[in-house]
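Student: My file is target-v2.pdb. It has PDB, C-alpha atoms:
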```pdb
ATOM      1  CA  MET A   1       0.000   0.000   0.000
ATOM      2  CA  THR A   2       2.803   2.348   0.830
ATOM      3  CA  ARG A   3       4.505   1.629  -2.506
ATOM      4  CA  VAL A   4       1.333   2.326  -4.527
ATOM      5  CA  SER A   5       0.677   5.572  -2.639
ATOM      6  CA  THR A   6       4.212   6.814  -3.276
ATOM      7  CA  GLY A   7       3.981   5.919  -6.981
ATOM      8  CA  SER A   8       0.685   7.728  -7.209
ATOM      9  CA  ASN A   9       2.213  10.826  -5.612
ATOM     10  CA  TYR A  10       5.090  10.675  -8.088
ATOM     11  CA  SER A  11       2.645  10.555 -11.000
ATOM     12  CA  ILE A  12       0.618  13.436  -9.613
ATOM     13  CA  MET A  13       3.693  15.571  -9.044
ATOM     14  CA  THR A  14       4.953  14.816 -12.550
ATOM     15  CA  SER A  15       1.625  15.961 -14.002
ATOM     16  CA  ASN A  16       1.581  19.061 -11.804
ATOM     17  CA  LEU A  17       5.105  19.991 -12.864
ATOM     18  CA  MET A  18       4.283  19.507 -16.574
ATOM     19  CA  ARG A  19       1.134  21.634 -16.281
ATOM     20  CA  ALA A  20       3.027  24.339 -14.413
ATOM     21  CA  GLN A  21       5.761  24.357 -17.057
ATOM     22  CA  GLN A  22       3.191  24.461 -19.870
ATOM     23  CA  ARG A  23       1.412  27.409 -18.275
ATOM     24  CA  GLN A  24       4.743  29.152 -17.768
ATOM     25  CA  ASN A  25       5.593  28.619 -21.445
ATOM     26  CA  ILE A  26       2.209  29.979 -22.595
ATOM     27  CA  LEU A  27       2.497  33.045 -20.387
ATOM     28  CA  GLY A  28       6.103  33.522 -21.496
ATOM     29  CA  GLU A  29       5.005  33.540 -25.149
ATOM     30  CA  GLN A  30       2.261  36.052 -24.331
ATOM     31  CA  VAL A  31       4.715  38.405 -22.641
ATOM     32  CA  ALA A  32       7.228  38.047 -25.489
ATOM     33  CA  SER A  33       4.675  38.529 -28.303
ATOM     34  CA  GLN A  34       2.287  40.783 -26.362
ATOM     35  CA  LYS A  35      -0.515  38.660 -27.891
ATOM     36  CA  VAL A  36      -2.961  36.318 -26.203
ATOM     37  CA  ALA A  37      -2.215  33.527 -28.683
ATOM     38  CA  ASN A  38      -0.415  32.838 -31.955
ATOM     39  CA  ASP A  39      -3.349  31.122 -33.706
ATOM     40  CA  LEU A  40      -7.148  31.201 -33.744
ATOM     41  CA  LYS A  41      -7.398  28.103 -31.518
ATOM     42  CA  GLY A  42      -5.904  30.151 -28.724
ATOM     43  CA  TYR A  43      -8.861  32.555 -28.784
ATOM     44  CA  SER A  44     -11.538  29.848 -28.354
ATOM     45  CA  LYS A  45     -14.967  31.550 -28.273
ATOM     46  CA  ASN A  46     -13.553  34.840 -29.657
ATOM     47  CA  ALA A  47     -12.094  33.156 -32.740
ATOM     48  CA  GLU A  48     -15.197  33.668 -34.911
ATOM     49  CA  VAL A  49     -15.524  37.335 -33.940
ATOM     50  CA  LEU A  50     -11.815  37.870 -34.536
ATOM     51  CA  THR A  51     -12.031  36.284 -37.996
ATOM     52  CA  ALA A  52     -14.955  38.559 -38.935
ATOM     53  CA  MET A  53     -13.112  41.632 -37.671
ATOM     54  CA  ARG A  54      -9.970  40.799 -39.616
ATOM     55  CA  SER A  55     -12.039  40.240 -42.755
ATOM     56  CA  ALA A  56     -13.611  43.670 -42.278
ATOM     57  CA  GLN A  57     -10.142  45.139 -41.737
ATOM     58  CA  ALA A  58      -8.918  43.684 -45.031
ATOM     59  CA  LYS A  59     -11.893  45.144 -46.927
ATOM     60  CA  ILE A  60     -11.431  48.573 -45.382
ATOM     61  CA  GLU A  61      -7.682  48.578 -46.038
ATOM     62  CA  GLY A  62      -8.421  47.677 -49.664
ATOM     63  CA  LEU A  63     -10.835  50.600 -49.943
ATOM     64  CA  ILE A  64      -8.288  52.930 -48.337
ATOM     65  CA  ASP A  65      -5.630  51.896 -50.861
ATOM     66  CA  GLN A  66      -8.074  52.366 -53.748
ATOM     67  CA  THR A  67      -9.175  55.750 -52.389
ATOM     68  CA  LYS A  68      -5.562  56.944 -52.374
ATOM     69  CA  LEU A  69      -5.071  55.855 -56.002
ATOM     70  CA  VAL A  70      -8.325  57.482 -57.126
ATOM     71  CA  ALA A  71      -7.466  60.674 -55.217
ATOM     72  CA  ASN A  72      -4.133  60.869 -57.064
ATOM     73  CA  ARG A  73      -5.885  60.448 -60.419
ATOM     74  CA  LEU A  74      -8.494  63.062 -59.515
ATOM     75  CA  ASP A  75      -5.678  65.470 -58.639
ATOM     76  CA  MET A  76      -4.129  64.918 -62.080
ATOM     77  CA  GLN A  77      -7.533  65.350 -63.718
ATOM     78  CA  ASP A  78      -7.935  68.657 -61.882
ATOM     79  CA  THR A  79      -4.539  69.767 -63.166
ATOM     80  CA  GLY A  80      -5.393  68.738 -66.742
ATOM     81  CA  ILE A  81      -8.827  70.358 -66.720
ATOM     82  CA  GLY A  82      -7.307  73.490 -65.255
ATOM     83  CA  GLN A  83      -4.757  73.575 -68.076
ATOM     84  CA  VAL A  84      -7.526  73.276 -70.665
ATOM     85  CA  ALA A  85      -9.477  76.070 -68.968
ATOM     86  CA  ASP A  86      -6.376  78.278 -68.808
ATOM     87  CA  GLY A  87      -5.667  77.694 -72.508
ATOM     88  CA  ILE A  88      -9.187  78.724 -73.452
ATOM     89  CA  GLN A  89      -9.039  81.810 -71.242
ATOM     90  CA  THR A  90      -5.656  82.768 -72.707
ATOM     91  CA  GLY A  91      -7.129  82.483 -76.207
ATOM     92  CA  ARG A  92     -10.065  84.685 -75.250
ATOM     93  CA  ALA A  93      -7.733  87.286 -73.743
ATOM     94  CA  ALA A  94      -5.613  87.276 -76.915
ATOM     95  CA  ILE A  95      -8.722  87.949 -79.022
ATOM     96  CA  GLU A  96      -9.801  90.802 -76.770
ATOM     97  CA  ASN A  97      -6.302  92.321 -76.942
ATOM     98  CA  ALA A  98      -6.325  92.010 -80.722
ATOM     99  CA  MET A  99      -9.631  93.872 -80.874
ATOM    100  CA  ALA A 100      -8.040  96.708 -78.902
ATOM    101  CA  ALA A 101      -4.505  96.798 -80.304
ATOM    102  CA  GLY A 102      -4.497  94.927 -83.617
ATOM    103  CA  GLY A 103      -4.189  91.284 -84.605
ATOM    104  CA  ALA A 104      -0.735  90.968 -86.163
ATOM    105  CA  THR A 105       0.367  88.371 -83.548
ATOM    106  CA  LEU A 106      -3.039  86.944 -82.722
ATOM    107  CA  MET A 107      -2.592  83.586 -84.455
ATOM    108  CA  GLN A 108       0.767  82.974 -82.755
ATOM    109  CA  GLN A 109      -0.844  83.681 -79.398
ATOM    110  CA  LEU A 110      -3.789  81.419 -80.207
ATOM    111  CA  GLU A 111      -1.442  78.617 -81.309
ATOM    112  CA  ALA A 112       0.302  78.802 -77.927
ATOM    113  CA  ALA A 113      -3.037  78.793 -76.127
ATOM    114  CA  PHE A 114      -4.267  75.833 -78.189
ATOM    115  CA  SER A 115      -1.071  73.913 -77.400
ATOM    116  CA  ASN A 116      -1.851  74.415 -73.729
ATOM    117  CA  VAL A 117      -5.328  72.972 -74.289
ATOM    118  CA  THR A 118      -4.033  69.862 -76.068
ATOM    119  CA  GLN A 119      -1.421  69.268 -73.390
ATOM    120  CA  GLY A 120      -4.186  69.403 -70.790
ATOM    121  CA  VAL A 121      -6.296  66.892 -72.718
ATOM    122  CA  ASN A 122      -3.291  64.560 -72.958
ATOM    123  CA  THR A 123      -2.491  64.724 -69.231
ATOM    124  CA  LYS A 124      -0.917  61.569 -67.791
ATOM    125  CA  SER A 125      -0.957  59.980 -64.344
ATOM    126  CA  ASN A 126       1.557  57.196 -63.642
ATOM    127  CA  GLY A 127       2.245  56.958 -67.371
ATOM    128  CA  ARG A 128      -1.450  56.605 -68.284
ATOM    129  CA  TYR A 129      -3.640  59.130 -70.090
ATOM    130  CA  VAL A 130      -6.318  60.194 -67.613
ATOM    131  CA  PHE A 131      -8.882  61.459 -70.158
ATOM    132  CA  ALA A 132      -8.685  58.467 -72.535
ATOM    133  CA  GLY A 133     -11.392  56.271 -70.997
ATOM    134  CA  ALA A 134     -10.238  52.649 -71.083
ATOM    135  CA  LEU A 135      -7.608  53.382 -73.761
ATOM    136  CA  THR A 136      -5.133  54.687 -71.205
ATOM    137  CA  ASP A 137      -2.117  53.974 -73.419
ATOM    138  CA  THR A 138      -3.495  56.137 -76.261
ATOM    139  CA  ALA A 139      -3.361  59.943 -76.320
ATOM    140  CA  PRO A 140      -6.920  61.309 -76.184
ATOM    141  CA  THR A 141      -6.236  63.806 -78.973
ATOM    142  CA  THR A 142      -3.987  63.720 -82.030
ATOM    143  CA  ALA A 143      -4.228  67.476 -82.673
ATOM    144  CA  ASN A 144      -0.881  69.270 -82.562
ATOM    145  CA  SER A 145      -1.758  72.621 -84.104
ATOM    146  CA  MET A 146      -4.772  74.696 -85.087
ATOM    147  CA  ALA A 147      -4.241  73.619 -88.704
ATOM    148  CA  ASP A 148      -5.177  70.068 -87.649
ATOM    149  CA  LEU A 149      -8.603  71.350 -86.634
ATOM    150  CA  THR A 150      -9.608  72.225 -90.189
ATOM    151  CA  VAL A 151      -7.876  69.270 -91.847
ATOM    152  CA  ALA A 152      -9.875  66.715 -89.875
ATOM    153  CA  PRO A 153     -13.345  65.929 -91.320
ATOM    154  CA  THR A 154     -14.931  66.688 -87.935
ATOM    155  CA  THR A 155     -13.767  67.749 -84.516
ATOM    156  CA  ALA A 156     -14.766  64.315 -83.199
ATOM    157  CA  ASP A 157     -12.137  62.726 -85.459
ATOM    158  CA  LEU A 158      -9.421  64.450 -83.429
ATOM    159  CA  PHE A 159     -10.329  62.561 -80.240
ATOM    160  CA  LYS A 160      -9.215  58.954 -79.714
ATOM    161  CA  ASN A 161     -10.681  58.237 -76.298
ATOM    162  CA  ASP A 162     -13.413  55.618 -76.047
ATOM    163  CA  THR A 163     -16.745  56.007 -74.221
ATOM    164  CA  TYR A 164     -15.781  54.250 -70.991
ATOM    165  CA  ILE A 165     -16.137  56.537 -67.962
ATOM    166  CA  ALA A 166     -14.295  55.243 -64.906
ATOM    167  CA  THR A 167     -16.268  54.534 -61.738
ATOM    168  CA  ASN A 168     -14.878  53.661 -58.324
ATOM    169  CA  ARG A 169     -16.232  52.523 -54.966
ATOM    170  CA  ILE A 170     -16.185  55.330 -52.444
ATOM    171  CA  ASP A 171     -17.175  52.978 -49.621
ATOM    172  CA  GLN A 172     -18.633  49.493 -49.278
ATOM    173  CA  GLN A 173     -22.060  50.609 -50.538
ATOM    174  CA  THR A 174     -21.481  53.521 -52.945
ATOM    175  CA  THR A 175     -19.960  53.707 -56.429
ATOM    176  CA  VAL A 176     -19.065  57.110 -57.891
ATOM    177  CA  GLN A 177     -18.282  58.168 -61.454
ATOM    178  CA  THR A 178     -14.709  59.481 -61.372
ATOM    179  CA  GLY A 179     -13.610  59.607 -65.012
ATOM    180  CA  VAL A 180     -13.672  62.489 -67.496
ATOM    181  CA  LEU A 181     -13.345  61.909 -71.259
ATOM    182  CA  GLY A 182     -11.174  64.033 -73.521
ATOM    183  CA  ASP A 183     -13.890  64.787 -76.077
ATOM    184  CA  ALA A 184     -16.378  65.803 -73.377
ATOM    185  CA  LEU A 185     -13.751  68.076 -71.842
ATOM    186  CA  ALA A 186     -12.444  69.862 -74.932
ATOM    187  CA  THR A 187     -14.826  69.613 -77.908
ATOM    188  CA  LYS A 188     -16.190  73.132 -77.319
ATOM    189  CA  ALA A 189     -12.655  74.488 -76.968
ATOM    190  CA  PHE A 190     -11.519  72.787 -80.174
ATOM    191  CA  ASP A 191     -14.549  74.148 -82.037
ATOM    192  CA  ALA A 192     -13.771  77.677 -80.833
ATOM    193  CA  PHE A 193     -10.158  77.565 -82.050
ATOM    194  CA  LYS A 194     -11.299  75.832 -85.251
ATOM    195  CA  GLN A 195     -13.618  78.709 -86.152
ATOM    196  CA  VAL A 196     -10.756  81.192 -85.940
ATOM    197  CA  GLN A 197      -8.466  78.949 -88.010
ATOM    198  CA  ALA A 198     -11.136  78.448 -90.656
ATOM    199  CA  TYR A 199     -11.742  82.209 -90.836
ATOM    200  CA  VAL A 200      -8.043  82.937 -91.440
ATOM    201  CA  GLU A 201      -7.764  80.184 -94.066
ATOM    202  CA  ALA A 202     -10.772  81.627 -95.886
ATOM    203  CA  ASN A 203     -10.092  85.347 -95.454
ATOM    204  CA  GLY A 204      -6.384  85.841 -94.803
ATOM    205  CA  PRO A 205      -4.452  86.844 -91.677
ATOM    206  CA  PHE A 206      -5.539  89.413 -89.144
ATOM    207  CA  GLY A 207      -3.912  92.820 -89.528
ATOM    208  CA  SER A 208      -3.116  95.810 -87.398
ATOM    209  CA  PRO A 209      -5.457  97.539 -87.236
ATOM    210  CA  LEU A 210      -8.240  95.007 -87.769
ATOM    211  CA  THR A 211     -10.745  95.567 -90.495
ATOM    212  CA  SER A 212     -14.308  96.128 -89.384
ATOM    213  CA  THR A 213     -15.180  92.651 -90.678
ATOM    214  CA  GLN A 214     -12.357  91.080 -88.697
ATOM    215  CA  HIS A 215     -13.359  93.049 -85.605
ATOM    216  CA  THR A 216     -16.964  91.906 -85.906
ATOM    217  CA  PHE A 217     -15.879  88.288 -86.330
ATOM    218  CA  LEU A 218     -13.599  88.371 -83.300
ATOM    219  CA  GLU A 219     -16.239  90.118 -81.244
ATOM    220  CA  GLY A 220     -18.494  87.134 -81.873
ATOM    221  CA  MET A 221     -15.692  84.725 -80.980
ATOM    222  CA  VAL A 222     -15.296  86.254 -77.519
ATOM    223  CA  GLY A 223     -18.649  84.781 -76.516
ATOM    224  CA  THR A 224     -17.738  81.404 -78.040
ATOM    225  CA  PHE A 225     -14.498  81.220 -76.057
ATOM    226  CA  LYS A 226     -16.309  82.375 -72.939
ATOM    227  CA  ALA A 227     -18.848  79.547 -73.277
ATOM    228  CA  ALA A 228     -16.055  76.994 -73.789
ATOM    229  CA  HIS A 229     -14.235  78.336 -70.731
ATOM    230  CA  THR A 230     -17.390  78.135 -68.611
ATOM    231  CA  ASP A 231     -17.893  74.541 -69.743
ATOM    232  CA  ALA A 232     -14.333  73.629 -68.698
ATOM    233  CA  LEU A 233     -14.778  75.326 -65.326
ATOM    234  CA  ASN A 234     -17.996  73.382 -64.756
ATOM    235  CA  THR A 235     -16.148  70.159 -65.492
ATOM    236  CA  GLN A 236     -13.427  71.174 -63.078
ATOM    237  CA  GLY A 237     -16.040  71.982 -60.437
ATOM    238  CA  LYS A 238     -17.652  68.536 -60.782
ATOM    239  CA  ASN A 239     -14.240  66.912 -60.527
ATOM    240  CA  GLY A 240     -13.597  68.950 -57.385
ATOM    241  CA  LEU A 241     -16.816  67.702 -55.785
ATOM    242  CA  VAL A 242     -15.770  64.115 -56.461
ATOM    243  CA  GLN A 243     -12.334  64.893 -55.001
ATOM    244  CA  LYS A 244     -13.992  66.168 -51.822
ATOM    245  CA  ARG A 245     -16.159  63.056 -51.548
ATOM    246  CA  PHE A 246     -13.129  60.790 -51.776
ATOM    247  CA  GLU A 247     -11.222  62.974 -49.336
ATOM    248  CA  ASN A 248     -14.059  62.667 -46.806
ATOM    249  CA  ALA A 249     -14.383  58.947 -47.520
ATOM    250  CA  GLY A 250     -10.680  58.481 -46.858
ATOM    251  CA  VAL A 251     -11.052  60.120 -43.433
ATOM    252  CA  GLU A 252     -14.117  57.988 -42.596
ATOM    253  CA  LEU A 253     -12.402  54.775 -43.722
ATOM    254  CA  LYS A 254      -9.341  55.630 -41.631
ATOM    255  CA  ASP A 255     -11.583  56.140 -38.605
ATOM    256  CA  GLN A 256     -13.264  52.783 -39.240
ATOM    257  CA  ALA A 257      -9.881  51.106 -39.600
ATOM    258  CA  ASP A 258      -8.662  52.642 -36.338
ATOM    259  CA  THR A 259     -11.835  51.527 -34.538
ATOM    260  CA  LEU A 260     -11.462  47.972 -35.796
ATOM    261  CA  THR A 261      -7.801  47.945 -34.873
ATOM    262  CA  GLY A 262      -8.760  48.914 -31.339
ATOM    263  CA  MET A 263     -11.456  46.233 -31.184
ATOM    264  CA  VAL A 264      -9.102  43.546 -32.486
ATOM    265  CA  GLY A 265      -6.456  44.724 -30.062
ATOM    266  CA  GLY A 266      -8.938  44.315 -27.229
ATOM    267  CA  ILE A 267      -9.136  40.623 -28.111
ATOM    268  CA  VAL A 268      -5.599  39.755 -29.158
ATOM    269  CA  ASP A 269      -3.411  42.145 -27.144
ATOM    270  CA  VAL A 270      -2.233  41.091 -23.698
ATOM    271  CA  ASP A 271      -2.538  43.308 -20.637
ATOM    272  CA  MET A 272       1.194  43.365 -20.072
ATOM    273  CA  ALA A 273       1.093  44.237 -16.368
ATOM    274  CA  GLU A 274      -1.337  41.428 -15.689
ATOM    275  CA  ALA A 275       0.544  38.989 -17.953
ATOM    276  CA  VAL A 276       3.883  39.680 -16.225
ATOM    277  CA  THR A 277       2.256  39.125 -12.823
ATOM    278  CA  ARG A 278       0.748  35.835 -14.008
ATOM    279  CA  LEU A 279       4.100  34.772 -15.483
ATOM    280  CA  GLU A 280       5.909  35.465 -12.211
ATOM    281  CA  ALA A 281       3.290  33.434 -10.345
ATOM    282  CA  ALA A 282       3.657  30.596 -12.877
ATOM    283  CA  GLN A 283       7.431  30.640 -12.486
ATOM    284  CA  LEU A 284       7.037  30.337  -8.706
ATOM    285  CA  ALA A 285       4.612  27.457  -9.209
ATOM    286  CA  VAL A 286       7.122  25.667 -11.446
ATOM    287  CA  GLN A 287       9.869  26.177  -8.881
ATOM    288  CA  ALA A 288       7.674  24.841  -6.074
ATOM    289  CA  ALA A 289       6.560  21.805  -8.120
ATOM    290  CA  ALA A 290      10.129  21.126  -9.149
ATOM    291  CA  GLN A 291      11.319  21.229  -5.555
ATOM    292  CA  VAL A 292       8.636  18.747  -4.440
ATOM    293  CA  PHE A 293       9.393  16.536  -7.424
ATOM    294  CA  ALA A 294      13.111  16.592  -6.620
ATOM    295  CA  SER A 295      12.365  15.729  -3.008
ATOM    296  CA  LEU A 296      10.293  12.699  -4.022
ATOM    297  CA  GLN A 297      12.873  11.635  -6.576
ATOM    298  CA  SER A 298      15.626  11.593  -3.962
ATOM    299  CA  SER A 299      13.753   9.334  -1.515
ATOM    300  CA  SER A 300      15.025   5.771  -1.246
ATOM    301  CA  LEU A 301      11.556   4.300  -1.618
ATOM    302  CA  LEU A 302      11.075   6.183  -4.916
ATOM    303  CA  ASN A 303      14.441   4.861  -6.136
ATOM    304  CA  VAL A 304      13.241   1.360  -5.378
ATOM    305  CA  LEU A 305      10.048   1.963  -7.306
ATOM    306  CA  LYS A 306      12.084   3.217 -10.256
TER     307      LYS A 306
END
```
Would it be possible to restate this file's structure as structure tokens?
Tutor:
Amino acid sequence: MTRVSTGSNYSIMTSNLMRAQQRQNILGEQVASQKVANDLKGYSKNAEVLTAMRSAQAKIEGLIDQTKLVANRLDMQDTGIGQVADGIQTGRAAIENAMAAGGATLMQQLEAAFSNVTQGVNTKSNGRYVFAGALTDTAPTTANSMADLTVAPTTADLFKNDTYIATNRIDQQTTVQTGVLGDALATKAFDAFKQVQAYVEANGPFGSPLTSTQHTFLEGMVGTFKAAHTDALNTQGKNGLVQKRFENAGVELKDQADTLTGMVGGIVDVDMAEAVTRLEAAQLAVQAAAQVFASLQSSSLLNVLK
């Protein structure tokens, strides 16, 4: 009876020591990693909630990354639209100056203004044309000079963009149209410059001073350029509203991401002060179990049993 009791005690103390060491190891890993566990099994009943939260985090991070890319493209679109608008306004100002001081250099000034417009239409972002629709590797317009405007059968023939208008998700429920097409942006501008080019080809260059006929023609063109400029500004304004929506969405998504991070942290992060206290207690338990085990192991009766 004595032998069986001693063997039973040995078995119990072995189990106690193993459990104490296992708990010490678990708590040691928690303190080292500052996490409750290193896999979902370690979170037991919270595992399903944690999986759902991490899935939501991945979706939100994906939307944040997309929002940044779209915001960059919208910034480039704003720059391009602004360049088109500036080119039109410069052309209008040149016409008004010609009406006051003569038109000897008007066509040179208009050519420079038109070049500004075409550069705006052919704006790139990350090597891709932003106003080309889906044909991002193709320049939206082939026009290089005002002479191209009258050579082409129609103004539409000068634009090579397709009809695809980009749309992007602004959040998990809402999709917003973000693209602008080259022909929609600049057809009115091209038509305005084309009318001046066609007039010169039909009637000869502008002089200083202007003839009454030339003055009357240019007076009419001021309104045409003004309408084209207003149209470009309206396009820029719409682009700006979309920019603001994505800016606000980016802030909201960041807040959601931070909230989820906090919630996940509440599940997976260890309370370090508490974990260190538990680890110290576990280490003491291991030491105590080891001492008892060593005491039993050194007894002569235990050696006989072994």
Student: Do you have the CA of Ala227 in chain A-CA of Gln195 in chain A distance handy?
Tutor: 13.9 Å
Student: Name every residue that the PyMOL selection byres ((chain A and resi 78) around 10) selects in this structure, writing the answer as a PyMOL selection string with chains first and numbers rising.
Tutor: chain A and resi 72-77+79-84+120+123+235-240+243
Student: List as a list in words the protein and nucleic acid residues near range 59-61 of chain A, meaning an atom at most 8 Å away when only C-alpha atoms are counted, but skip any in the same chain fewer than 2 places from it.
Tutor: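 Here the qualifying residues turn out to be Ser55, Ala56, Gln57, Leu63, Ile64, Asp65, Leu253, Gln256 and Ala257 of chain A.
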Student: Suppose a student applies the PyMOL selection byres ((chain A and resi 207) around 8) to this structure; what residues should they get, written as an MDAnalysis selection string?
Tutor: chainID A and resid 102:104 205:206 208:211
Student: Output as lines of an AutoDock Vina configuration file the centre and edge lengths (Å, one decimal) of the box along x, y and z of the file that holds every listed atom of range 172-178 of chain A after adding 6 Å on each side.
Tutor:
```
center_x = -18.4
center_y = 54.5
center_z = -55.4
size_x = 19.4
size_y = 22.0
size_z = 24.2
```
Student: What gap, in Å, lies between CA of Thr142 in chain A and CA of Thr105 in chain A?
Tutor: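 Value for the CA of Thr142 in chain A-CA of Thr105 in chain A distance: 25.1 Å.
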Student: For CA of Met146 in chain A and CA of Val180 in chain A, determine how far apart the two atoms are, in Å to one decimal place.
Tutor: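 Atom-to-atom, CA of Met146 in chain A to CA of Val180 in chain A, that is 23.2 Å.
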Student: Residues picked by the PyMOL selection byres ((chain A and resi 86) around 10) here, as a VMD selection string?
Tutor: chain A and resid 80 to 85 87 to 92 113 to 114 116 to 117 120 229 232 to 233
Student: Identify, on the basis of all atoms listed in the file, every residue whose closest approach to Asp157 in chain A does not exceed 10 Å; exclude the query and any residue fewer than 3 positions from it along the same chain; express the result as a list in words.
Tutor: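 The filter keeps Thr141, Thr142, Ala143, Leu149, Ala152, Pro153, Thr154, Lys160 and Asp183 of chain A.
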